$ cat data_15.pdb   # PDB, C-alpha atoms
MODEL        1
ATOM      1  CA  MET N   1       0.000   0.000   0.000
ATOM      2  CA  THR N   2       1.226   3.487  -0.749
ATOM      3  CA  GLY N   3       2.156   5.766   2.113
ATOM      4  CA  THR N   4      -0.627   8.165   1.139
ATOM      5  CA  ALA N   5      -3.322   5.496   1.389
ATOM      6  CA  ALA N   6      -1.920   4.215   4.665
ATOM      7  CA  ARG N   7      -2.168   7.584   6.388
ATOM      8  CA  ARG N   8      -5.808   8.330   5.670
ATOM      9  CA  SER N   9      -9.125   6.670   6.129
ATOM     10  CA  PHE N  10     -10.800   5.140   3.108
ATOM     11  CA  GLU N  11     -14.138   6.463   1.833
ATOM     12  CA  VAL N  12     -16.808   4.907  -0.369
ATOM     13  CA  CYS N  13     -19.515   7.000  -2.036
ATOM     14  CA  LEU N  14     -22.449   6.319  -4.314
ATOM     15  CA  PHE N  15     -22.436   8.239  -7.589
ATOM     16  CA  THR N  16     -25.327   8.340 -10.022
ATOM     17  CA  GLU N  17     -26.574   9.822 -13.294
ATOM     18  CA  PRO N  18     -30.053  11.348 -12.827
ATOM     19  CA  GLN N  19     -30.214  12.691 -16.394
ATOM     20  CA  GLN N  20     -30.847   9.105 -17.496
ATOM     21  CA  GLY N  21     -34.356   9.391 -16.060
ATOM     22  CA  ALA N  22     -34.859  10.192 -12.391
ATOM     23  CA  SER N  23     -37.036  12.612 -10.480
ATOM     24  CA  TYR N  24     -36.050  14.501  -7.354
ATOM     25  CA  ASP N  25     -37.990  11.938  -5.297
ATOM     26  CA  ASP N  26     -35.966   9.121  -6.899
ATOM     27  CA  GLN N  27     -32.765  10.882  -5.955
ATOM     28  CA  LEU N  28     -33.960  11.559  -2.425
ATOM     29  CA  ALA N  29     -34.755   7.881  -1.934
ATOM     30  CA  HIS N  30     -31.325   6.872  -3.249
ATOM     31  CA  ALA N  31     -29.426   9.445  -1.183
ATOM     32  CA  SER N  32     -31.414   8.522   1.932
ATOM     33  CA  ALA N  33     -30.552   4.859   1.395
ATOM     34  CA  ALA N  34     -26.883   5.774   0.971
ATOM     35  CA  GLU N  35     -26.940   7.674   4.251
ATOM     36  CA  ARG N  36     -28.767   4.918   6.123
ATOM     37  CA  LEU N  37     -26.408   2.242   4.787
ATOM     38  CA  GLY N  38     -23.281   4.070   5.910
ATOM     39  CA  PHE N  39     -21.810   5.369   2.666
ATOM     40  CA  ASP N  40     -19.591   8.408   3.044
ATOM     41  CA  GLY N  41     -21.122  10.475   0.263
ATOM     42  CA  TRP N  42     -23.747  10.782  -2.441
ATOM     43  CA  PHE N  43     -22.678  12.443  -5.658
ATOM     44  CA  ARG N  44     -24.501  13.089  -8.900
ATOM     45  CA  SER N  45     -23.573  14.047 -12.424
ATOM     46  CA  ASP N  46     -24.408  17.547 -13.641
ATOM     47  CA  HIS N  47     -26.090  17.041 -17.025
ATOM     48  CA  TYR N  48     -29.252  18.280 -18.710
ATOM     49  CA  LEU N  49     -29.856  15.631 -21.383
ATOM     50  CA  ARG N  50     -30.233  11.866 -21.389
ATOM     51  CA  MET N  51     -27.357   9.996 -23.018
ATOM     52  CA  GLY N  52     -28.255   7.255 -25.465
ATOM     53  CA  ASP N  53     -31.608   5.818 -26.452
ATOM     54  CA  GLY N  54     -34.533   5.430 -24.085
ATOM     55  CA  ASP N  55     -37.375   7.340 -22.506
ATOM     56  CA  PRO N  56     -36.195  10.855 -21.571
ATOM     57  CA  GLN N  57     -38.944  11.260 -18.947
ATOM     58  CA  PRO N  58     -39.174  12.854 -16.445
ATOM     59  CA  GLY N  59     -36.478  15.122 -17.844
ATOM     60  CA  PRO N  60     -33.443  16.691 -16.214
ATOM     61  CA  THR N  61     -33.072  17.994 -12.697
ATOM     62  CA  ASP N  62     -30.591  20.758 -11.981
ATOM     63  CA  ALA N  63     -27.720  19.424  -9.895
ATOM     64  CA  TRP N  64     -27.358  22.292  -7.436
ATOM     65  CA  THR N  65     -31.105  22.721  -7.001
ATOM     66  CA  THR N  66     -31.304  19.011  -6.216
ATOM     67  CA  LEU N  67     -28.393  19.168  -3.788
ATOM     68  CA  ALA N  68     -30.016  22.106  -2.004
ATOM     69  CA  GLY N  69     -33.058  19.951  -1.375
ATOM     70  CA  LEU N  70     -30.990  16.992  -0.249
ATOM     71  CA  ALA N  71     -28.978  19.260   2.036
ATOM     72  CA  ARG N  72     -32.134  19.811   4.088
ATOM     73  CA  GLU N  73     -33.344  16.199   3.933
ATOM     74  CA  THR N  74     -30.138  14.412   4.954
ATOM     75  CA  ARG N  75     -28.019  14.797   8.062
ATOM     76  CA  ARG N  76     -24.604  13.138   7.684
ATOM     77  CA  ILE N  77     -23.687  12.211   4.150
ATOM     78  CA  ARG N  78     -21.359  14.281   1.958
ATOM     79  CA  LEU N  79     -23.061  15.779  -1.125
ATOM     80  CA  GLY N  80     -21.595  16.993  -4.385
ATOM     81  CA  THR N  81     -21.194  16.957  -8.145
ATOM     82  CA  LEU N  82     -18.989  14.730 -10.238
ATOM     83  CA  VAL N  83     -18.675  17.033 -12.026
ATOM     84  CA  SER N  84     -20.225  20.407 -12.831
ATOM     85  CA  SER N  85     -19.294  21.921 -16.182
ATOM     86  CA  VAL N  86     -17.731  25.367 -16.473
ATOM     87  CA  THR N  87     -20.099  26.065 -19.362
ATOM     88  CA  TYR N  88     -23.229  25.991 -17.181
ATOM     89  CA  ARG N  89     -22.678  28.792 -14.681
ATOM     90  CA  VAL N  90     -20.549  31.907 -14.358
ATOM     91  CA  PRO N  91     -18.056  31.425 -11.514
ATOM     92  CA  GLY N  92     -19.324  34.172  -9.206
ATOM     93  CA  ILE N  93     -22.833  32.700  -9.209
ATOM     94  CA  LEU N  94     -21.472  29.167  -8.842
ATOM     95  CA  ALA N  95     -19.522  30.228  -5.749
ATOM     96  CA  ILE N  96     -22.707  31.700  -4.244
ATOM     97  CA  GLN N  97     -24.773  28.600  -5.053
ATOM     98  CA  VAL N  98     -22.266  26.164  -3.588
ATOM     99  CA  ALA N  99     -21.673  28.294  -0.489
ATOM    100  CA  GLN N 100     -25.416  28.537   0.128
ATOM    101  CA  VAL N 101     -25.959  24.788  -0.254
ATOM    102  CA  ASP N 102     -22.982  24.216   2.036
ATOM    103  CA  ARG N 103     -24.699  26.374   4.668
ATOM    104  CA  MET N 104     -27.964  24.525   4.120
ATOM    105  CA  SER N 105     -26.195  21.202   4.684
ATOM    106  CA  GLY N 106     -24.235  22.253   7.744
ATOM    107  CA  GLY N 107     -20.930  21.960   5.898
ATOM    108  CA  ARG N 108     -21.250  18.764   3.850
ATOM    109  CA  VAL N 109     -20.861  19.980   0.252
ATOM    110  CA  GLU N 110     -18.107  19.251  -2.270
ATOM    111  CA  LEU N 111     -17.690  20.838  -5.706
ATOM    112  CA  GLY N 112     -16.482  18.812  -8.652
ATOM    113  CA  LEU N 113     -15.659  21.088 -11.577
ATOM    114  CA  GLY N 114     -14.613  20.202 -15.119
ATOM    115  CA  THR N 115     -14.493  21.475 -18.688
ATOM    116  CA  GLY N 116     -17.670  19.742 -19.839
ATOM    117  CA  TRP N 117     -17.850  17.541 -22.918
ATOM    118  CA  PHE N 118     -21.461  16.749 -23.936
ATOM    119  CA  ALA N 119     -22.005  19.088 -26.893
ATOM    120  CA  GLU N 120     -25.482  17.752 -27.681
ATOM    121  CA  GLU N 121     -26.982  18.915 -24.378
ATOM    122  CA  HIS N 122     -25.583  22.387 -24.949
ATOM    123  CA  ARG N 123     -27.321  22.552 -28.305
ATOM    124  CA  ALA N 124     -30.545  21.195 -26.797
ATOM    125  CA  TYR N 125     -30.750  23.894 -24.110
ATOM    126  CA  GLY N 126     -28.995  26.806 -25.787
ATOM    127  CA  ILE N 127     -25.868  26.671 -23.627
ATOM    128  CA  PRO N 128     -22.723  28.093 -25.275
ATOM    129  CA  PHE N 129     -20.095  25.418 -25.885
ATOM    130  CA  PRO N 130     -16.740  26.953 -26.860
ATOM    131  CA  GLU N 131     -14.253  24.645 -28.524
ATOM    132  CA  LYS N 132     -11.522  25.401 -25.999
ATOM    133  CA  ARG N 133     -12.539  25.241 -22.342
ATOM    134  CA  PHE N 134      -9.437  24.569 -20.228
ATOM    135  CA  ASP N 135      -8.808  28.306 -19.800
ATOM    136  CA  LEU N 136     -12.402  28.671 -18.568
ATOM    137  CA  LEU N 137     -11.762  25.908 -16.036
ATOM    138  CA  GLU N 138      -8.550  27.496 -14.784
ATOM    139  CA  GLU N 139     -10.181  30.894 -14.336
ATOM    140  CA  GLN N 140     -13.281  29.457 -12.667
ATOM    141  CA  LEU N 141     -11.154  27.472 -10.221
ATOM    142  CA  ALA N 142      -9.152  30.591  -9.394
ATOM    143  CA  ILE N 143     -12.292  32.681  -8.887
ATOM    144  CA  VAL N 144     -14.321  30.193  -6.848
ATOM    145  CA  THR N 145     -11.455  29.291  -4.521
ATOM    146  CA  GLY N 146     -10.363  32.934  -4.367
ATOM    147  CA  LEU N 147     -13.806  34.144  -3.351
ATOM    148  CA  TRP N 148     -14.069  31.530  -0.612
ATOM    149  CA  ALA N 149     -10.584  32.355   0.701
ATOM    150  CA  THR N 150     -11.170  36.132   0.906
ATOM    151  CA  PRO N 151     -10.954  37.333   4.539
ATOM    152  CA  ASP N 152     -13.913  38.964   6.245
ATOM    153  CA  GLY N 153     -14.100  42.643   5.428
ATOM    154  CA  ALA N 154     -11.902  42.307   2.350
ATOM    155  CA  THR N 155     -12.944  42.271  -1.296
ATOM    156  CA  PHE N 156     -11.949  40.035  -4.192
ATOM    157  CA  ASP N 157     -10.840  41.183  -7.643
ATOM    158  CA  PHE N 158      -9.978  39.128 -10.671
ATOM    159  CA  SER N 159      -9.037  40.065 -14.211
ATOM    160  CA  GLY N 160      -8.762  37.271 -16.737
ATOM    161  CA  GLU N 161      -9.332  36.617 -20.393
ATOM    162  CA  HIS N 162     -12.855  35.290 -19.787
ATOM    163  CA  TYR N 163     -14.016  36.735 -16.440
ATOM    164  CA  SER N 164     -13.497  39.927 -14.465
ATOM    165  CA  LEU N 165     -14.639  40.643 -10.898
ATOM    166  CA  GLU N 166     -14.285  44.031  -9.217
ATOM    167  CA  GLY N 167     -14.763  44.701  -5.526
ATOM    168  CA  SER N 168     -16.664  41.499  -4.816
ATOM    169  CA  PRO N 169     -17.602  41.191  -1.128
ATOM    170  CA  ALA N 170     -17.006  37.446  -1.552
ATOM    171  CA  LEU N 171     -20.247  36.556   0.184
ATOM    172  CA  PRO N 172     -21.878  34.375   1.326
ATOM    173  CA  ARG N 173     -19.283  32.394   3.233
ATOM    174  CA  PRO N 174     -19.539  28.595   3.075
ATOM    175  CA  ALA N 175     -19.983  26.739   6.345
ATOM    176  CA  GLN N 176     -16.735  24.859   5.781
ATOM    177  CA  GLN N 177     -13.463  26.711   6.136
ATOM    178  CA  ARG N 178     -12.459  25.136   2.830
ATOM    179  CA  VAL N 179     -15.071  23.575   0.588
ATOM    180  CA  PRO N 180     -13.527  20.464  -1.009
ATOM    181  CA  VAL N 181     -12.881  20.991  -4.721
ATOM    182  CA  ILE N 182     -12.581  17.981  -7.020
ATOM    183  CA  VAL N 183     -10.696  18.163 -10.315
ATOM    184  CA  GLY N 184     -10.305  15.124 -12.490
ATOM    185  CA  GLY N 185      -9.555  13.696 -15.876
ATOM    186  CA  GLY N 186      -6.984  11.761 -17.822
ATOM    187  CA  GLY N 187      -5.040  14.605 -19.403
ATOM    188  CA  PRO N 188      -1.266  14.139 -19.042
ATOM    189  CA  LYS N 189      -0.210  17.676 -18.063
ATOM    190  CA  ARG N 190      -2.766  20.416 -17.635
ATOM    191  CA  THR N 191      -5.339  18.484 -15.585
ATOM    192  CA  PRO N 192      -2.784  17.280 -12.999
ATOM    193  CA  ALA N 193      -1.350  20.790 -12.821
ATOM    194  CA  LEU N 194      -4.780  22.328 -12.154
ATOM    195  CA  ALA N 195      -5.543  19.682  -9.546
ATOM    196  CA  ALA N 196      -2.235  20.312  -7.795
ATOM    197  CA  ARG N 197      -2.834  24.049  -7.783
ATOM    198  CA  PHE N 198      -6.509  24.300  -6.857
ATOM    199  CA  ALA N 199      -8.049  20.982  -5.775
ATOM    200  CA  THR N 200      -8.426  19.080  -2.559
ATOM    201  CA  GLU N 201      -9.149  15.910  -4.562
ATOM    202  CA  PHE N 202      -8.007  14.454  -7.880
ATOM    203  CA  ASN N 203     -10.491  12.062  -9.480
ATOM    204  CA  LEU N 204      -9.983   9.566 -12.263
ATOM    205  CA  GLY N 205     -12.939   7.800 -13.788
ATOM    206  CA  PHE N 206     -13.547   4.828 -16.041
ATOM    207  CA  ARG N 207      -9.940   3.628 -16.358
ATOM    208  CA  GLY N 208      -8.120   0.346 -15.855
ATOM    209  CA  GLU N 209      -5.839  -0.258 -12.906
ATOM    210  CA  ASP N 210      -2.571   0.266 -14.798
ATOM    211  CA  GLU N 211      -3.717   3.659 -16.021
ATOM    212  CA  ILE N 212      -5.007   4.609 -12.565
ATOM    213  CA  ALA N 213      -1.568   3.959 -11.086
ATOM    214  CA  GLU N 214       0.077   5.990 -13.862
ATOM    215  CA  LYS N 215      -2.271   8.984 -13.469
ATOM    216  CA  PHE N 216      -1.944   8.971  -9.689
ATOM    217  CA  ASP N 217       1.835   9.104 -10.076
ATOM    218  CA  GLY N 218       1.444  11.975 -12.532
ATOM    219  CA  VAL N 219      -0.633  14.125 -10.198
ATOM    220  CA  ARG N 220       1.767  13.437  -7.325
ATOM    221  CA  ARG N 221       4.601  14.727  -9.528
ATOM    222  CA  ALA N 222       2.514  17.791 -10.383
ATOM    223  CA  CYS N 223       2.156  18.516  -6.654
ATOM    224  CA  GLU N 224       5.883  18.152  -6.091
ATOM    225  CA  ALA N 225       6.577  20.518  -9.006
ATOM    226  CA  ILE N 226       4.875  23.355  -7.094
ATOM    227  CA  ASP N 227       6.204  22.279  -3.682
ATOM    228  CA  ARG N 228       2.858  20.916  -2.526
ATOM    229  CA  ASP N 229       2.946  17.810  -0.359
ATOM    230  CA  PRO N 230       1.203  15.117  -2.461
ATOM    231  CA  ALA N 231      -0.272  13.696   0.740
ATOM    232  CA  THR N 232      -2.487  16.807   0.985
ATOM    233  CA  LEU N 233      -4.328  15.849  -2.235
ATOM    234  CA  LYS N 234      -6.993  13.175  -1.912
ATOM    235  CA  LEU N 235      -6.966  10.626  -4.737
ATOM    236  CA  SER N 236     -10.165   8.998  -5.957
ATOM    237  CA  VAL N 237     -11.558   6.642  -8.583
ATOM    238  CA  ALA N 238     -15.070   6.479 -10.056
ATOM    239  CA  LEU N 239     -16.216   3.259 -11.730
ATOM    240  CA  PRO N 240     -19.531   1.893 -13.009
ATOM    241  CA  THR N 241     -20.767  -0.733 -10.572
ATOM    242  CA  VAL N 242     -23.059  -3.731 -11.005
ATOM    243  CA  VAL N 243     -23.121  -6.323  -8.236
ATOM    244  CA  ALA N 244     -25.492  -9.217  -7.607
ATOM    245  CA  THR N 245     -25.644 -12.538  -5.784
ATOM    246  CA  ASP N 246     -26.997 -14.520  -8.765
ATOM    247  CA  ASP N 247     -26.463 -14.505 -12.518
ATOM    248  CA  ALA N 248     -30.030 -13.600 -13.441
ATOM    249  CA  THR N 249     -30.027 -10.454 -11.321
ATOM    250  CA  TYR N 250     -26.552  -9.501 -12.537
ATOM    251  CA  LEU N 251     -27.612  -9.757 -16.179
ATOM    252  CA  ARG N 252     -30.847  -7.882 -15.497
ATOM    253  CA  ARG N 253     -28.938  -5.023 -13.877
ATOM    254  CA  LEU N 254     -26.532  -4.841 -16.793
ATOM    255  CA  ALA N 255     -29.403  -4.818 -19.285
ATOM    256  CA  ALA N 256     -31.127  -2.013 -17.379
ATOM    257  CA  ILE N 257     -28.168   0.276 -18.091
ATOM    258  CA  ASP N 258     -27.368  -1.123 -21.576
ATOM    259  CA  GLU N 259     -24.029  -2.632 -20.601
ATOM    260  CA  ASP N 260     -22.343  -5.625 -22.270
ATOM    261  CA  PRO N 261     -21.874  -8.629 -19.951
ATOM    262  CA  GLU N 262     -18.892  -9.750 -22.050
ATOM    263  CA  THR N 263     -16.845  -6.629 -21.346
ATOM    264  CA  PHE N 264     -18.291  -4.830 -18.319
ATOM    265  CA  ALA N 265     -16.121  -6.609 -15.759
ATOM    266  CA  ASP N 266     -12.894  -5.798 -17.640
ATOM    267  CA  VAL N 267     -12.482  -2.461 -15.839
ATOM    268  CA  ASN N 268     -15.470  -1.899 -13.591
ATOM    269  CA  VAL N 269     -16.714  -3.017 -10.184
ATOM    270  CA  ALA N 270     -18.644  -6.085 -11.238
ATOM    271  CA  GLY N 271     -19.897  -9.526 -10.248
ATOM    272  CA  THR N 272     -20.451 -10.908  -6.794
ATOM    273  CA  PRO N 273     -20.019  -8.950  -3.569
ATOM    274  CA  ASP N 274     -16.714 -10.761  -2.984
ATOM    275  CA  ALA N 275     -15.477  -9.737  -6.445
ATOM    276  CA  ALA N 276     -16.489  -6.143  -5.748
ATOM    277  CA  ILE N 277     -14.637  -6.151  -2.431
ATOM    278  CA  GLU N 278     -11.491  -7.477  -4.110
ATOM    279  CA  LYS N 279     -11.671  -4.830  -6.833
ATOM    280  CA  ILE N 280     -12.200  -1.950  -4.406
ATOM    281  CA  GLU N 281      -9.361  -3.160  -2.194
ATOM    282  CA  ARG N 282      -7.051  -3.203  -5.235
ATOM    283  CA  LEU N 283      -8.009   0.399  -5.963
ATOM    284  CA  ARG N 284      -7.117   1.281  -2.398
ATOM    285  CA  GLU N 285      -3.758  -0.446  -2.791
ATOM    286  CA  LEU N 286      -3.121   1.737  -5.844
ATOM    287  CA  GLY N 287      -3.510   4.807  -3.639
ATOM    288  CA  ALA N 288      -7.203   5.667  -3.848
ATOM    289  CA  ASP N 289      -8.454   7.423  -0.733
ATOM    290  CA  ARG N 290     -12.025   7.392  -2.010
ATOM    291  CA  VAL N 291     -13.991   5.244  -4.478
ATOM    292  CA  TYR N 292     -17.209   6.327  -6.178
ATOM    293  CA  LEU N 293     -19.497   3.416  -7.077
ATOM    294  CA  GLN N 294     -21.448   4.618 -10.115
ATOM    295  CA  THR N 295     -24.915   3.084  -9.907
ATOM    296  CA  VAL N 296     -26.764   4.414 -12.933
ATOM    297  CA  ASP N 297     -30.132   2.779 -12.207
ATOM    298  CA  LEU N 298     -30.802   4.678  -9.016
ATOM    299  CA  ARG N 299     -34.353   3.341  -8.771
ATOM    300  CA  ASP N 300     -32.843  -0.083  -8.026
ATOM    301  CA  LEU N 301     -32.671   0.458  -4.281
ATOM    302  CA  ASP N 302     -32.059  -3.261  -3.748
ATOM    303  CA  HIS N 303     -28.729  -2.745  -5.503
ATOM    304  CA  ALA N 304     -27.765   0.026  -3.079
ATOM    305  CA  GLU N 305     -28.891  -2.198  -0.206
ATOM    306  CA  LEU N 306     -26.652  -5.043  -1.394
ATOM    307  CA  LEU N 307     -23.654  -2.747  -1.763
ATOM    308  CA  GLY N 308     -24.269  -1.295   1.677
ATOM    309  CA  THR N 309     -24.709  -4.603   3.482
ATOM    310  CA  ALA N 310     -22.558  -7.120   1.571
ATOM    311  CA  VAL N 311     -19.680  -4.942   0.333
ATOM    312  CA  LEU N 312     -19.267  -1.792   2.419
ATOM    313  CA  PRO N 313     -18.829  -3.446   5.853
ATOM    314  CA  HIS N 314     -16.028  -5.672   4.550
ATOM    315  CA  LEU N 315     -13.710  -2.948   3.240
ATOM    316  CA  GLY N 316     -10.625  -2.111   5.245
ATOM    317  CA  GLY N 317      -9.455   1.302   6.335
ATOM    318  CA  ARG N 318     -12.851   2.901   6.850
ATOM    319  CA  ALA N 319     -13.304   5.122   9.892
TER
ENDMDL
END

$ encode --input "data_15.pdb" --output "structure tokens"
Amino acid sequence: MTGTAARRSFEVCLFTEPQQGASYDDQLAHASAAERLGFDGWFRSDHYLRMGDGDPQPGPTDAWTTLAGLARETRRIRLGTLVSSVTYRVPGILAIQVAQVDRMSGGRVELGLGTGWFAEEHRAYGIPFPEKRFDLLEEQLAIVTGLWATPDGATFDFSGEHYSLEGSPALPRPAQQRVPVIVGGGGPKRTPALAARFATEFNLGFRGEDEIAEKFDGVRRACEAIDRDPATLKLSVALPTVVATDDATYLRRLAAIDEDPETFADVNVAGTPDAAIEKIERLRELGADRVYLQTVDLRDLDHAELLGTAVLPHLGGRA
């Protein structure tokens, strides 16, 4: 086990995709189950359009509106996005929204922020989608973290290529002294550099174990390049998850999310509870401090129940 993983407790969160067809009530039921079962967090994607074929009903739910509701209807679990797109909100408003939801939750919010990628949803809802977005991400990270770090009584100014702020009172304050900020992706240089500079957590999704180890090493080097202790950056992995105790249920759960039983287990958390435990423990050995189990069919509460009772209690390193 890496030294980083050995020094910190290990967290397991549920992560879901409500744009695939889920109401607020569906999400509340799933998040409430996650809290009751002992998961450390409940995170959702931030999208406005269903991906792939299928019934688009009931339509999208806004991520931060949803999290505001869940902030008042849960008590312990961490809540956040994996991830919000810089194309959706201007950074000053995003900082206000997240700070307010953090207050509403009593200090349990985390912000995942990325460049965005789903061009079709931008066309569907009239959201501008510039070809180059990494500069937007860098400026938004600087503004959001800068606003939250501004001392009481001081003001925040920023002048960039895309955004300018003058004399901002940097209010409201979040409940947390530092709201966790998640930056992730597989880029070889710029993403690790942004994570090292701005983030409290680096996330890598949908990759095999060899690539996870390589990307974790890369972001550690990016921290060292700016004299940041790599141990201060949480490392996490997000993987699609389908677990069952019998073949029929396993195949039914795969079919419900249009996944191929021949290939799904190649990278993802898949199979029996014992197989899932072994996979998650290997991720921890690679240095992951947190794992997000992506359960796309969030109406399948029996799936969450199985993960919470047959997998979660058997993972080492959890507080």

$ resolve_selection --input "data_15.pdb" --expression "the PyMOL selection byres ((chain N and resi 173-187) around 6)" --output "list in words"
Ala99, Asp102, Arg103, Gly107, Glu110, Leu111, Gly112, Leu113, Leu171, Pro172, Pro188, Lys189, Thr191, Ala195, Ala199, Thr200, Glu201, Phe202, Asn203 and Leu204 of chain N

$ closest_residue --input "data_15.pdb" --among "N:Ala270, N:Ile280, N:Thr245, N:Thr115" --to "N:Ala310" --atoms "all atoms listed in the file"
N:Thr245

$ closest_residue --input "data_15.pdb" --among "N:Ala213, N:Leu298, N:Leu79, N:Leu14" --to "N:Gly106" --atoms "all atoms listed in the file"
N:Leu79

$ resolve_selection --input "data_15.pdb" --expression "the PyMOL selection byres ((chain N and resi 228) around 12)" --output "list in words"
Ala193, Ala195, Ala196, Arg197, Phe198, Ala199, Thr200, Val219, Arg220, Arg221, Ala222, Cys223, Glu224, Ala225, Ile226, Asp227, Asp229, Pro230, Ala231, Thr232 and Leu233 of chain N

$ resolve_selection --input "data_15.pdb" --expression "the PyMOL selection byres ((chain N and resi 131-146) around 9)" --output "ChimeraX atom specification"
/N:85-87,90-92,94-96,113-116,129-130,147-150,156-158,160-163,165,170,178-179,181,190-191,194,198-199

$ closest_residue --input "data_15.pdb" --among "N:Gly316, N:Pro240, N:Gly59, N:Gly308" --to "N:Thr295" --atoms "all atoms listed in the file"
N:Pro240

$ axis_aligned_box --input "data_15.pdb" --around "stretch 204-208 of chain N" --padding-each-side "3 Å" --output "JSON"
{"center_x": -10.8, "center_y": 5.0, "center_z": -14.3, "size_x": 11.4, "size_y": 15.2, "size_z": 10.1}
